[in-house]
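Visitor: To be precise about what I am sending: the file is called model-v9.cif and holds mmCIF, N, CA and C atoms.
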data_start
loop_
_atom_site.group_PDB
_atom_site.id
_atom_site.type_symbol
_atom_site.label_atom_id
_atom_site.label_comp_id
_atom_site.auth_asym_id
_atom_site.auth_seq_id
_atom_site.Cartn_x
_atom_site.Cartn_y
_atom_site.Cartn_z
ATOM 1 N N MET A 53 158.635 -208.910 109.501
ATOM 2 C CA MET A 53 159.603 -208.977 110.589
ATOM 3 C C MET A 53 160.668 -207.903 110.339
ATOM 4 N N THR A 54 160.992 -207.173 111.366
ATOM 5 C CA THR A 54 161.941 -206.073 111.261
ATOM 6 C C THR A 54 163.374 -206.588 111.214
ATOM 7 N N VAL A 55 164.142 -206.083 110.251
ATOM 8 C CA VAL A 55 165.570 -206.406 110.179
ATOM 9 C C VAL A 55 166.300 -205.380 111.042
ATOM 10 N N VAL A 56 167.062 -205.870 112.015
ATOM 11 C CA VAL A 56 167.767 -204.988 112.944
ATOM 12 C C VAL A 56 169.254 -204.960 112.594
ATOM 13 N N THR A 57 169.785 -203.750 112.592
ATOM 14 C CA THR A 57 171.214 -203.530 112.378
ATOM 15 C C THR A 57 171.722 -202.696 113.550
ATOM 16 N N LYS A 58 173.028 -202.505 113.598
ATOM 17 C CA LYS A 58 173.561 -201.665 114.681
ATOM 18 C C LYS A 58 173.026 -200.237 114.567
ATOM 19 N N ASP A 59 172.663 -199.821 113.351
ATOM 20 C CA ASP A 59 172.164 -198.458 113.139
ATOM 21 C C ASP A 59 170.745 -198.245 113.668
ATOM 22 N N ASN A 60 169.905 -199.286 113.657
ATOM 23 C CA ASN A 60 168.531 -199.097 114.135
ATOM 24 C C ASN A 60 168.222 -199.876 115.414
ATOM 25 N N PHE A 61 169.232 -200.507 116.020
ATOM 26 C CA PHE A 61 169.021 -201.317 117.223
ATOM 27 C C PHE A 61 168.396 -200.502 118.355
ATOM 28 N N LYS A 62 168.893 -199.306 118.570
ATOM 29 C CA LYS A 62 168.380 -198.470 119.662
ATOM 30 C C LYS A 62 166.882 -198.203 119.471
ATOM 31 N N THR A 63 166.506 -197.819 118.258
ATOM 32 C CA THR A 63 165.104 -197.503 117.972
ATOM 33 C C THR A 63 164.218 -198.741 118.013
ATOM 34 N N GLU A 64 164.663 -199.807 117.375
ATOM 35 C CA GLU A 64 163.820 -200.995 117.216
ATOM 36 C C GLU A 64 163.752 -201.880 118.455
ATOM 37 N N VAL A 65 164.817 -201.919 119.256
ATOM 38 C CA VAL A 65 164.857 -202.828 120.407
ATOM 39 C C VAL A 65 164.914 -202.066 121.728
ATOM 40 N N GLU A 66 165.915 -201.229 121.907
ATOM 41 C CA GLU A 66 166.119 -200.571 123.204
ATOM 42 C C GLU A 66 164.960 -199.661 123.583
ATOM 43 N N GLU A 67 164.389 -198.950 122.616
ATOM 44 C CA GLU A 67 163.326 -197.993 122.927
ATOM 45 C C GLU A 67 161.926 -198.599 122.828
ATOM 46 N N HIS A 68 161.834 -199.867 122.434
ATOM 47 C CA HIS A 68 160.518 -200.506 122.290
ATOM 48 C C HIS A 68 159.964 -200.877 123.659
ATOM 49 N N GLU A 69 158.692 -200.538 123.881
ATOM 50 C CA GLU A 69 158.031 -200.927 125.122
ATOM 51 C C GLU A 69 157.296 -202.232 124.880
ATOM 52 N N GLY A 70 157.613 -203.238 125.661
ATOM 53 C CA GLY A 70 157.007 -204.549 125.507
ATOM 54 C C GLY A 70 158.056 -205.574 125.113
ATOM 55 N N LEU A 71 157.573 -206.743 124.720
ATOM 56 C CA LEU A 71 158.460 -207.857 124.406
ATOM 57 C C LEU A 71 158.947 -207.797 122.967
ATOM 58 N N VAL A 72 160.248 -208.009 122.802
ATOM 59 C CA VAL A 72 160.869 -208.126 121.483
ATOM 60 C C VAL A 72 161.526 -209.503 121.409
ATOM 61 N N VAL A 73 161.210 -210.258 120.364
ATOM 62 C CA VAL A 73 161.848 -211.548 120.118
ATOM 63 C C VAL A 73 162.812 -211.336 118.961
ATOM 64 N N ILE A 74 164.095 -211.564 119.229
ATOM 65 C CA ILE A 74 165.131 -211.317 118.224
ATOM 66 C C ILE A 74 165.688 -212.645 117.735
ATOM 67 N N ASP A 75 165.590 -212.857 116.437
ATOM 68 C CA ASP A 75 166.126 -214.053 115.791
ATOM 69 C C ASP A 75 167.532 -213.733 115.301
ATOM 70 N N LEU A 76 168.534 -214.344 115.933
ATOM 71 C CA LEU A 76 169.923 -214.183 115.497
ATOM 72 C C LEU A 76 170.233 -215.366 114.590
ATOM 73 N N TRP A 77 170.535 -215.094 113.324
ATOM 74 C CA TRP A 77 170.585 -216.130 112.303
ATOM 75 C C TRP A 77 171.669 -215.817 111.274
ATOM 76 N N ALA A 78 171.851 -216.764 110.341
ATOM 77 C CA ALA A 78 172.747 -216.559 109.195
ATOM 78 C C ALA A 78 172.153 -217.302 107.997
ATOM 79 N N ALA A 79 172.418 -216.809 106.806
ATOM 80 C CA ALA A 79 171.855 -217.367 105.575
ATOM 81 C C ALA A 79 172.295 -218.817 105.341
ATOM 82 N N TRP A 80 173.493 -219.176 105.775
ATOM 83 C CA TRP A 80 174.045 -220.515 105.536
ATOM 84 C C TRP A 80 173.554 -221.551 106.547
ATOM 85 N N CYS A 81 172.809 -221.136 107.534
ATOM 86 C CA CYS A 81 172.400 -221.995 108.650
ATOM 87 C C CYS A 81 171.079 -222.703 108.353
ATOM 88 N N GLY A 82 171.142 -224.024 108.162
ATOM 89 C CA GLY A 82 169.949 -224.814 107.886
ATOM 90 C C GLY A 82 168.878 -224.716 108.955
ATOM 91 N N PRO A 83 169.220 -224.924 110.236
ATOM 92 C CA PRO A 83 168.208 -224.795 111.288
ATOM 93 C C PRO A 83 167.598 -223.390 111.344
ATOM 94 N N CYS A 84 168.372 -222.369 110.990
ATOM 95 C CA CYS A 84 167.840 -220.998 110.953
ATOM 96 C C CYS A 84 166.736 -220.902 109.902
ATOM 97 N N ARG A 85 166.977 -221.506 108.742
ATOM 98 C CA ARG A 85 165.979 -221.485 107.664
ATOM 99 C C ARG A 85 164.740 -222.284 108.056
ATOM 100 N N MET A 86 164.911 -223.335 108.850
ATOM 101 C CA MET A 86 163.766 -224.116 109.327
ATOM 102 C C MET A 86 162.938 -223.322 110.341
ATOM 103 N N LEU A 87 163.594 -222.502 111.131
ATOM 104 C CA LEU A 87 162.917 -221.733 112.178
ATOM 105 C C LEU A 87 162.182 -220.513 111.614
ATOM 106 N N ALA A 88 162.650 -219.968 110.510
ATOM 107 C CA ALA A 88 162.092 -218.728 109.952
ATOM 108 C C ALA A 88 160.573 -218.783 109.736
ATOM 109 N N PRO A 89 160.016 -219.838 109.091
ATOM 110 C CA PRO A 89 158.562 -219.838 108.900
ATOM 111 C C PRO A 89 157.785 -219.952 110.207
ATOM 112 N N VAL A 90 158.366 -220.593 111.204
ATOM 113 C CA VAL A 90 157.726 -220.677 112.525
ATOM 114 C C VAL A 90 157.630 -219.280 113.130
ATOM 115 N N LEU A 91 158.700 -218.514 113.010
ATOM 116 C CA LEU A 91 158.698 -217.157 113.555
ATOM 117 C C LEU A 91 157.739 -216.257 112.782
ATOM 118 N N ASP A 92 157.623 -216.472 111.465
ATOM 119 C CA ASP A 92 156.652 -215.706 110.676
ATOM 120 C C ASP A 92 155.231 -215.986 111.164
ATOM 121 N N GLU A 93 154.930 -217.254 111.470
ATOM 122 C CA GLU A 93 153.614 -217.611 112.009
ATOM 123 C C GLU A 93 153.368 -216.919 113.344
ATOM 124 N N LEU A 94 154.369 -216.966 114.216
ATOM 125 C CA LEU A 94 154.224 -216.353 115.539
ATOM 126 C C LEU A 94 154.076 -214.839 115.427
ATOM 127 N N ASP A 95 154.769 -214.245 114.472
ATOM 128 C CA ASP A 95 154.663 -212.800 114.236
ATOM 129 C C ASP A 95 153.207 -212.440 113.918
ATOM 130 N N ALA A 96 152.549 -213.261 113.116
ATOM 131 C CA ALA A 96 151.148 -213.021 112.763
ATOM 132 C C ALA A 96 150.212 -213.303 113.945
ATOM 133 N N GLU A 97 150.565 -214.285 114.768
ATOM 134 C CA GLU A 97 149.707 -214.692 115.883
ATOM 135 C C GLU A 97 149.827 -213.784 117.107
ATOM 136 N N TYR A 98 150.939 -213.083 117.224
ATOM 137 C CA TYR A 98 151.184 -212.224 118.391
ATOM 138 C C TYR A 98 151.454 -210.785 117.940
ATOM 139 N N PRO A 99 150.395 -210.049 117.580
ATOM 140 C CA PRO A 99 150.602 -208.672 117.118
ATOM 141 C C PRO A 99 151.157 -207.741 118.205
ATOM 142 N N ASP A 100 151.026 -208.145 119.469
ATOM 143 C CA ASP A 100 151.525 -207.319 120.568
ATOM 144 C C ASP A 100 152.995 -207.591 120.886
ATOM 145 N N VAL A 101 153.609 -208.537 120.180
ATOM 146 C CA VAL A 101 155.026 -208.862 120.365
ATOM 147 C C VAL A 101 155.767 -208.449 119.095
ATOM 148 N N LYS A 102 156.917 -207.804 119.274
ATOM 149 C CA LYS A 102 157.715 -207.383 118.125
ATOM 150 C C LYS A 102 158.733 -208.475 117.790
ATOM 151 N N PHE A 103 158.762 -208.881 116.543
ATOM 152 C CA PHE A 103 159.707 -209.891 116.074
ATOM 153 C C PHE A 103 160.736 -209.226 115.173
ATOM 154 N N CYS A 104 162.016 -209.495 115.440
ATOM 155 C CA CYS A 104 163.107 -208.898 114.687
ATOM 156 C C CYS A 104 164.109 -209.970 114.280
ATOM 157 N N LYS A 105 164.905 -209.653 113.261
ATOM 158 C CA LYS A 105 165.962 -210.557 112.804
ATOM 159 C C LYS A 105 167.287 -209.807 112.790
ATOM 160 N N ILE A 106 168.342 -210.482 113.236
ATOM 161 C CA ILE A 106 169.697 -209.949 113.137
ATOM 162 C C ILE A 106 170.551 -210.996 112.435
ATOM 163 N N ASN A 107 171.091 -210.645 111.278
ATOM 164 C CA ASN A 107 172.004 -211.526 110.558
ATOM 165 C C ASN A 107 173.375 -211.405 111.225
ATOM 166 N N VAL A 108 173.826 -212.480 111.864
ATOM 167 C CA VAL A 108 175.068 -212.413 112.648
ATOM 168 C C VAL A 108 176.302 -212.204 111.778
ATOM 169 N N ASP A 109 176.240 -212.608 110.506
ATOM 170 C CA ASP A 109 177.376 -212.379 109.606
ATOM 171 C C ASP A 109 177.489 -210.914 109.214
ATOM 172 N N GLU A 110 176.346 -210.254 109.079
ATOM 173 C CA GLU A 110 176.324 -208.850 108.673
ATOM 174 C C GLU A 110 176.434 -207.893 109.855
ATOM 175 N N GLU A 111 176.135 -208.375 111.054
ATOM 176 C CA GLU A 111 176.145 -207.527 112.261
ATOM 177 C C GLU A 111 176.978 -208.175 113.370
ATOM 178 N N PRO A 112 178.296 -208.310 113.150
ATOM 179 C CA PRO A 112 179.129 -208.981 114.160
ATOM 180 C C PRO A 112 179.136 -208.281 115.516
ATOM 181 N N GLU A 113 178.990 -206.948 115.528
ATOM 182 C CA GLU A 113 178.973 -206.226 116.813
ATOM 183 C C GLU A 113 177.765 -206.638 117.650
ATOM 184 N N LEU A 114 176.608 -206.766 117.009
ATOM 185 C CA LEU A 114 175.410 -207.181 117.735
ATOM 186 C C LEU A 114 175.518 -208.644 118.151
ATOM 187 N N ALA A 115 176.105 -209.473 117.294
ATOM 188 C CA ALA A 115 176.306 -210.886 117.651
ATOM 189 C C ALA A 115 177.181 -210.994 118.898
ATOM 190 N N ARG A 116 178.224 -210.187 118.966
ATOM 191 C CA ARG A 116 179.092 -210.177 120.157
ATOM 192 C C ARG A 116 178.334 -209.666 121.375
ATOM 193 N N ALA A 117 177.522 -208.644 121.182
ATOM 194 C CA ALA A 117 176.763 -208.073 122.295
ATOM 195 C C ALA A 117 175.815 -209.111 122.909
ATOM 196 N N PHE A 118 175.268 -209.982 122.066
ATOM 197 C CA PHE A 118 174.379 -211.037 122.549
ATOM 198 C C PHE A 118 175.133 -212.318 122.891
ATOM 199 N N LYS A 119 176.461 -212.277 122.783
ATOM 200 C CA LYS A 119 177.315 -213.434 123.109
ATOM 201 C C LYS A 119 176.887 -214.695 122.345
ATOM 202 N N VAL A 120 176.644 -214.520 121.039
ATOM 203 C CA VAL A 120 176.200 -215.631 120.193
ATOM 204 C C VAL A 120 177.337 -216.636 120.021
ATOM 205 N N GLU A 121 177.075 -217.871 120.393
ATOM 206 C CA GLU A 121 178.026 -218.968 120.191
ATOM 207 C C GLU A 121 177.466 -220.005 119.236
ATOM 208 N N SER A 122 176.152 -220.059 119.140
ATOM 209 C CA SER A 122 175.488 -221.033 118.277
ATOM 210 C C SER A 122 174.204 -220.399 117.756
ATOM 211 N N ILE A 123 173.848 -220.745 116.515
ATOM 212 C CA ILE A 123 172.615 -220.226 115.935
ATOM 213 C C ILE A 123 171.794 -221.380 115.387
ATOM 214 N N PRO A 124 170.502 -221.211 115.240
ATOM 215 C CA PRO A 124 169.740 -220.005 115.555
ATOM 216 C C PRO A 124 169.663 -219.767 117.064
ATOM 217 N N MET A 125 169.561 -218.498 117.387
ATOM 218 C CA MET A 125 169.427 -218.101 118.778
ATOM 219 C C MET A 125 168.315 -217.064 118.853
ATOM 220 N N LEU A 126 167.400 -217.270 119.765
ATOM 221 C CA LEU A 126 166.339 -216.296 119.995
ATOM 222 C C LEU A 126 166.621 -215.581 121.307
ATOM 223 N N ALA A 127 166.665 -214.267 121.236
ATOM 224 C CA ALA A 127 166.839 -213.453 122.433
ATOM 225 C C ALA A 127 165.501 -212.778 122.732
ATOM 226 N N PHE A 128 165.096 -212.815 123.986
ATOM 227 C CA PHE A 128 163.848 -212.200 124.415
ATOM 228 C C PHE A 128 164.198 -210.975 125.251
ATOM 229 N N VAL A 129 163.768 -209.812 124.775
ATOM 230 C CA VAL A 129 164.077 -208.545 125.437
ATOM 231 C C VAL A 129 162.755 -207.849 125.749
ATOM 232 N N LYS A 130 162.577 -207.470 127.008
ATOM 233 C CA LYS A 130 161.352 -206.767 127.395
ATOM 234 C C LYS A 130 161.720 -205.451 128.048
ATOM 235 N N ASN A 131 161.203 -204.365 127.474
ATOM 236 C CA ASN A 131 161.472 -203.017 127.989
ATOM 237 C C ASN A 131 162.974 -202.790 128.189
ATOM 238 N N ASN A 132 163.739 -203.170 127.171
ATOM 239 C CA ASN A 132 165.191 -203.009 127.132
ATOM 240 C C ASN A 132 165.929 -203.836 128.187
ATOM 241 N N THR A 133 165.312 -204.920 128.652
ATOM 242 C CA THR A 133 165.962 -205.829 129.589
ATOM 243 C C THR A 133 165.951 -207.233 128.991
ATOM 244 N N PHE A 134 167.134 -207.843 128.912
ATOM 245 C CA PHE A 134 167.248 -209.208 128.418
ATOM 246 C C PHE A 134 166.570 -210.130 129.417
ATOM 247 N N VAL A 135 165.563 -210.905 128.959
ATOM 248 C CA VAL A 135 164.810 -211.740 129.896
ATOM 249 C C VAL A 135 164.952 -213.235 129.657
ATOM 250 N N ASP A 136 165.302 -213.662 128.433
ATOM 251 C CA ASP A 136 165.412 -215.093 128.186
ATOM 252 C C ASP A 136 166.145 -215.356 126.879
ATOM 253 N N LEU A 137 166.421 -216.650 126.652
ATOM 254 C CA LEU A 137 167.226 -217.075 125.519
ATOM 255 C C LEU A 137 166.813 -218.477 125.104
ATOM 256 N N SER A 138 166.842 -218.728 123.816
ATOM 257 C CA SER A 138 166.614 -220.062 123.284
ATOM 258 C C SER A 138 167.651 -220.296 122.193
ATOM 259 N N VAL A 139 168.364 -221.427 122.258
ATOM 260 C CA VAL A 139 169.418 -221.712 121.288
ATOM 261 C C VAL A 139 169.093 -222.990 120.524
ATOM 262 N N GLY A 140 169.284 -222.931 119.213
ATOM 263 C CA GLY A 140 169.020 -224.094 118.370
ATOM 264 C C GLY A 140 167.591 -224.098 117.870
ATOM 265 N N TYR A 141 167.313 -225.025 116.955
ATOM 266 C CA TYR A 141 165.947 -225.158 116.459
ATOM 267 C C TYR A 141 165.098 -225.779 117.563
ATOM 268 N N VAL A 142 164.002 -225.131 117.884
ATOM 269 C CA VAL A 142 163.082 -225.652 118.897
ATOM 270 C C VAL A 142 161.671 -225.656 118.320
ATOM 271 N N PRO A 143 160.814 -226.534 118.813
ATOM 272 C CA PRO A 143 159.427 -226.557 118.337
ATOM 273 C C PRO A 143 158.707 -225.246 118.660
ATOM 274 N N LYS A 144 157.705 -224.963 117.863
ATOM 275 C CA LYS A 144 156.905 -223.742 118.042
ATOM 276 C C LYS A 144 156.368 -223.638 119.467
ATOM 277 N N ALA A 145 155.926 -224.754 120.030
ATOM 278 C CA ALA A 145 155.350 -224.752 121.387
ATOM 279 C C ALA A 145 156.343 -224.214 122.419
ATOM 280 N N ASN A 146 157.624 -224.511 122.245
ATOM 281 C CA ASN A 146 158.638 -224.017 123.180
ATOM 282 C C ASN A 146 158.742 -222.493 123.121
ATOM 283 N N ILE A 147 158.669 -221.953 121.910
ATOM 284 C CA ILE A 147 158.766 -220.504 121.738
ATOM 285 C C ILE A 147 157.512 -219.832 122.291
ATOM 286 N N VAL A 148 156.358 -220.437 122.038
ATOM 287 C CA VAL A 148 155.092 -219.908 122.566
ATOM 288 C C VAL A 148 155.151 -219.833 124.090
ATOM 289 N N LYS A 149 155.682 -220.868 124.717
ATOM 290 C CA LYS A 149 155.800 -220.895 126.185
ATOM 291 C C LYS A 149 156.632 -219.714 126.684
ATOM 292 N N LEU A 150 157.755 -219.434 126.012
ATOM 293 C CA LEU A 150 158.610 -218.309 126.410
ATOM 294 C C LEU A 150 157.914 -216.973 126.174
ATOM 295 N N ILE A 151 157.207 -216.851 125.058
ATOM 296 C CA ILE A 151 156.474 -215.612 124.788
ATOM 297 C C ILE A 151 155.430 -215.378 125.867
ATOM 298 N N GLU A 152 154.642 -216.401 126.150
ATOM 299 C CA GLU A 152 153.575 -216.268 127.157
ATOM 300 C C GLU A 152 154.137 -215.947 128.535
ATOM 301 N N GLU A 153 155.292 -216.483 128.829
ATOM 302 C CA GLU A 153 155.933 -216.259 130.127
ATOM 303 C C GLU A 153 156.385 -214.807 130.301
ATOM 304 N N HIS A 154 156.756 -214.160 129.185
ATOM 305 C CA HIS A 154 157.390 -212.840 129.295
ATOM 306 C C HIS A 154 156.575 -211.670 128.752
ATOM 307 N N LYS A 155 155.465 -211.941 128.069
ATOM 308 C CA LYS A 155 154.764 -210.789 127.464
ATOM 309 C C LYS A 155 153.932 -210.015 128.456
#
Output the file's structure as C-alpha cells, nothing else.

Guide:
Amino acid sequence: MTVVTKDNFKTEVEEHEGLVVIDLWAAWCGPCRMLAPVLDELDAEYPDVKFCKINVDEEPELARAFKVESIPMLAFVKNNTFVDLSVGYVPKANIVKLIEEHK
C-alpha cells in the first residue's frame, strides 16, 4: 500500500487514472488498526484499484483538505474526482460495495 504525503499526493492520487482508495488513519487509533488488514486483503484482491494511506498526524494539510473529523476515514477518488467517503470501522463487504460502485 502506498504511503501518501503532501510531497507525492499529486503523483500518487491526482495524476492516477482509475480508482484510488485512501485510508486516512493514525497510529493511536484502534479502529484504524482493525481496518488495516482488511484493506491489505482488498489491495491484493483488487489489483486494478490503487490503495493508499495518509497518516493524519504526519500530514495535517492533507487531513484538512479531506475535511477529516473522525478516523478511520476512507476517501474514494476516481480520476482526480472525489466520489465517495466511508467513516469509521466498517465491514469488508461495505468497502467492497463502494469499490464495485466506483471502479

Visitor: Using all atoms listed in the file, determine which residues lie at most 6.5 Å from stretch 112-115 of chain A, disregarding the query and same-chain residues fewer than 5 positions distant; provide the list as a list in words.

Guide: Lys58, Asn107 and Val120 of chain A

Visitor: List the residues matched by the PyMOL selection byres ((chain A and resi 137) around 7) in the displayed structure as a PyMOL selection string, ordered by chain and then by residue number.

Guide: chain A and resi 125-128+135-136+138-139

Visitor: Check what the PyMOL selection byres (((chain A and resi 76 and name CA) around 12) and name CA) selects in the file above and give those residues as a ChimeraX atom specification.

Guide: /A:55-57,73-75,77-79,81,83-85,87-88,91,103-112,114-128,137-141

Visitor: Based on the selection just made, write N, CA and C atoms of those residues as a CSV table (one decimal), keeping the file's coordinate frame.

Guide:
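The result, written out as result.csv:
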chain,number,residue,atom,x,y,z
A,55,VAL,N,164.1,-206.1,110.3
A,55,VAL,CA,165.6,-206.4,110.2
A,55,VAL,C,166.3,-205.4,111.0
A,56,VAL,N,167.1,-205.9,112.0
A,56,VAL,CA,167.8,-205.0,112.9
A,56,VAL,C,169.3,-205.0,112.6
A,57,THR,N,169.8,-203.8,112.6
A,57,THR,CA,171.2,-203.5,112.4
A,57,THR,C,171.7,-202.7,113.6
A,73,VAL,N,161.2,-210.3,120.4
A,73,VAL,CA,161.8,-211.5,120.1
A,73,VAL,C,162.8,-211.3,119.0
A,74,ILE,N,164.1,-211.6,119.2
A,74,ILE,CA,165.1,-211.3,118.2
A,74,ILE,C,165.7,-212.6,117.7
A,75,ASP,N,165.6,-212.9,116.4
A,75,ASP,CA,166.1,-214.1,115.8
A,75,ASP,C,167.5,-213.7,115.3
A,77,TRP,N,170.5,-215.1,113.3
A,77,TRP,CA,170.6,-216.1,112.3
A,77,TRP,C,171.7,-215.8,111.3
A,78,ALA,N,171.9,-216.8,110.3
A,78,ALA,CA,172.7,-216.6,109.2
A,78,ALA,C,172.2,-217.3,108.0
A,79,ALA,N,172.4,-216.8,106.8
A,79,ALA,CA,171.9,-217.4,105.6
A,79,ALA,C,172.3,-218.8,105.3
A,81,CYS,N,172.8,-221.1,107.5
A,81,CYS,CA,172.4,-222.0,108.6
A,81,CYS,C,171.1,-222.7,108.4
A,83,PRO,N,169.2,-224.9,110.2
A,83,PRO,CA,168.2,-224.8,111.3
A,83,PRO,C,167.6,-223.4,111.3
A,84,CYS,N,168.4,-222.4,111.0
A,84,CYS,CA,167.8,-221.0,111.0
A,84,CYS,C,166.7,-220.9,109.9
A,85,ARG,N,167.0,-221.5,108.7
A,85,ARG,CA,166.0,-221.5,107.7
A,85,ARG,C,164.7,-222.3,108.1
A,87,LEU,N,163.6,-222.5,111.1
A,87,LEU,CA,162.9,-221.7,112.2
A,87,LEU,C,162.2,-220.5,111.6
A,88,ALA,N,162.6,-220.0,110.5
A,88,ALA,CA,162.1,-218.7,110.0
A,88,ALA,C,160.6,-218.8,109.7
A,91,LEU,N,158.7,-218.5,113.0
A,91,LEU,CA,158.7,-217.2,113.6
A,91,LEU,C,157.7,-216.3,112.8
A,103,PHE,N,158.8,-208.9,116.5
A,103,PHE,CA,159.7,-209.9,116.1
A,103,PHE,C,160.7,-209.2,115.2
A,104,CYS,N,162.0,-209.5,115.4
A,104,CYS,CA,163.1,-208.9,114.7
A,104,CYS,C,164.1,-210.0,114.3
A,105,LYS,N,164.9,-209.7,113.3
A,105,LYS,CA,166.0,-210.6,112.8
A,105,LYS,C,167.3,-209.8,112.8
A,106,ILE,N,168.3,-210.5,113.2
A,106,ILE,CA,169.7,-209.9,113.1
A,106,ILE,C,170.6,-211.0,112.4
A,107,ASN,N,171.1,-210.6,111.3
A,107,ASN,CA,172.0,-211.5,110.6
A,107,ASN,C,173.4,-211.4,111.2
A,108,VAL,N,173.8,-212.5,111.9
A,108,VAL,CA,175.1,-212.4,112.6
A,108,VAL,C,176.3,-212.2,111.8
A,109,ASP,N,176.2,-212.6,110.5
A,109,ASP,CA,177.4,-212.4,109.6
A,109,ASP,C,177.5,-210.9,109.2
A,110,GLU,N,176.3,-210.3,109.1
A,110,GLU,CA,176.3,-208.8,108.7
A,110,GLU,C,176.4,-207.9,109.9
A,111,GLU,N,176.1,-208.4,111.1
A,111,GLU,CA,176.1,-207.5,112.3
A,111,GLU,C,177.0,-208.2,113.4
A,112,PRO,N,178.3,-208.3,113.2
A,112,PRO,CA,179.1,-209.0,114.2
A,112,PRO,C,179.1,-208.3,115.5
A,114,LEU,N,176.6,-206.8,117.0
A,114,LEU,CA,175.4,-207.2,117.7
A,114,LEU,C,175.5,-208.6,118.2
A,115,ALA,N,176.1,-209.5,117.3
A,115,ALA,CA,176.3,-210.9,117.7
A,115,ALA,C,177.2,-211.0,118.9
A,116,ARG,N,178.2,-210.2,119.0
A,116,ARG,CA,179.1,-210.2,120.2
A,116,ARG,C,178.3,-209.7,121.4
A,117,ALA,N,177.5,-208.6,121.2
A,117,ALA,CA,176.8,-208.1,122.3
A,117,ALA,C,175.8,-209.1,122.9
A,118,PHE,N,175.3,-210.0,122.1
A,118,PHE,CA,174.4,-211.0,122.5
A,118,PHE,C,175.1,-212.3,122.9
A,119,LYS,N,176.5,-212.3,122.8
A,119,LYS,CA,177.3,-213.4,123.1
A,119,LYS,C,176.9,-214.7,122.3
A,120,VAL,N,176.6,-214.5,121.0
A,120,VAL,CA,176.2,-215.6,120.2
A,120,VAL,C,177.3,-216.6,120.0
A,121,GLU,N,177.1,-217.9,120.4
A,121,GLU,CA,178.0,-219.0,120.2
A,121,GLU,C,177.5,-220.0,119.2
A,122,SER,N,176.2,-220.1,119.1
A,122,SER,CA,175.5,-221.0,118.3
A,122,SER,C,174.2,-220.4,117.8
A,123,ILE,N,173.8,-220.7,116.5
A,123,ILE,CA,172.6,-220.2,115.9
A,123,ILE,C,171.8,-221.4,115.4
A,124,PRO,N,170.5,-221.2,115.2
A,124,PRO,CA,169.7,-220.0,115.6
A,124,PRO,C,169.7,-219.8,117.1
A,125,MET,N,169.6,-218.5,117.4
A,125,MET,CA,169.4,-218.1,118.8
A,125,MET,C,168.3,-217.1,118.9
A,126,LEU,N,167.4,-217.3,119.8
A,126,LEU,CA,166.3,-216.3,120.0
A,126,LEU,C,166.6,-215.6,121.3
A,127,ALA,N,166.7,-214.3,121.2
A,127,ALA,CA,166.8,-213.5,122.4
A,127,ALA,C,165.5,-212.8,122.7
A,128,PHE,N,165.1,-212.8,124.0
A,128,PHE,CA,163.8,-212.2,124.4
A,128,PHE,C,164.2,-211.0,125.3
A,137,LEU,N,166.4,-216.6,126.7
A,137,LEU,CA,167.2,-217.1,125.5
A,137,LEU,C,166.8,-218.5,125.1
A,138,SER,N,166.8,-218.7,123.8
A,138,SER,CA,166.6,-220.1,123.3
A,138,SER,C,167.7,-220.3,122.2
A,139,VAL,N,168.4,-221.4,122.3
A,139,VAL,CA,169.4,-221.7,121.3
A,139,VAL,C,169.1,-223.0,120.5
A,140,GLY,N,169.3,-222.9,119.2
A,140,GLY,CA,169.0,-224.1,118.4
A,140,GLY,C,167.6,-224.1,117.9
A,141,TYR,N,167.3,-225.0,117.0
A,141,TYR,CA,165.9,-225.2,116.5
A,141,TYR,C,165.1,-225.8,117.6

Visitor: Can you list, as a list in words, all residues belonging to chain A that DSSP tags as strand (DSSP E)?

Guide: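 These are the residues in question: Thr54, Val55, Leu71, Val72, Val73, Ile74, Asp75, Leu76, Trp77, Lys102, Phe103, Cys104, Lys105, Ile106, Asn107, Met125, Leu126, Ala127, Phe128, Val129, Lys130, Thr133, Phe134, Val135, Asp136, Leu137, Ser138 and Val139 of chain A.
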
Visitor: Mind checking which residues fall within 8 Å of A:Asn131, counting only C-alpha atoms, ignoring those fewer than 4 positions away in the same chain, and posting them as a list of chain:residue names?

Guide: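 Neighbouring residues, sequence-local ones excluded: A:Glu66, A:Glu67, A:His68, A:Glu69, A:Gly70, A:Leu71.
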
Visitor: Using only C-alpha atoms, pick whichever of A:Leu150, A:Lys155, A:Lys144, A:Glu64 has the shortest atom-to-atom distance to A:Glu93.

Guide: A:Lys144

Visitor: Pick the closest to A:Val148 from A:Met53, A:Leu94, A:Val72, A:Val65: which is it, counting all atoms listed in the file?

Guide: A:Leu94

Visitor: For A:Met86, which residue out of A:Val142, A:Glu153, A:Thr63, A:Thr54 is the nearest one, using all atoms listed in the file?

Guide: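 Distance minimum relative to A:Met86 lands on A:Val142.
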
Visitor: Just to confirm, what's the straight-line distance from atom N of A:Glu152 to atom CA of A:Gly82 in Å (one decimal)?

Guide: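 Atom CA of A:Gly82 lies at a distance of 25.3 Å from atom N of A:Glu152.
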
Visitor: So, counting only C-alpha atoms, which residue among A:Asn60, A:Val90, A:Trp80, A:His154 is closest to A:Thr133?

Guide: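 The answer is A:His154, which sits nearest to A:Thr133.
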
Visitor: Find the distance between atom CA of A:Ile147 and atom CA of A:Asp59 and write it in Å to one decimal.

Guide: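 Rounded to one decimal, the two atoms are 27.2 Å apart.
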
Visitor: For atom C of A:Asp95 and atom C of A:Lys62, determine how far apart the two atoms are, in Å to one decimal place.

Guide: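 Value for the atom C of A:Asp95-atom C of A:Lys62 distance: 20.5 Å.
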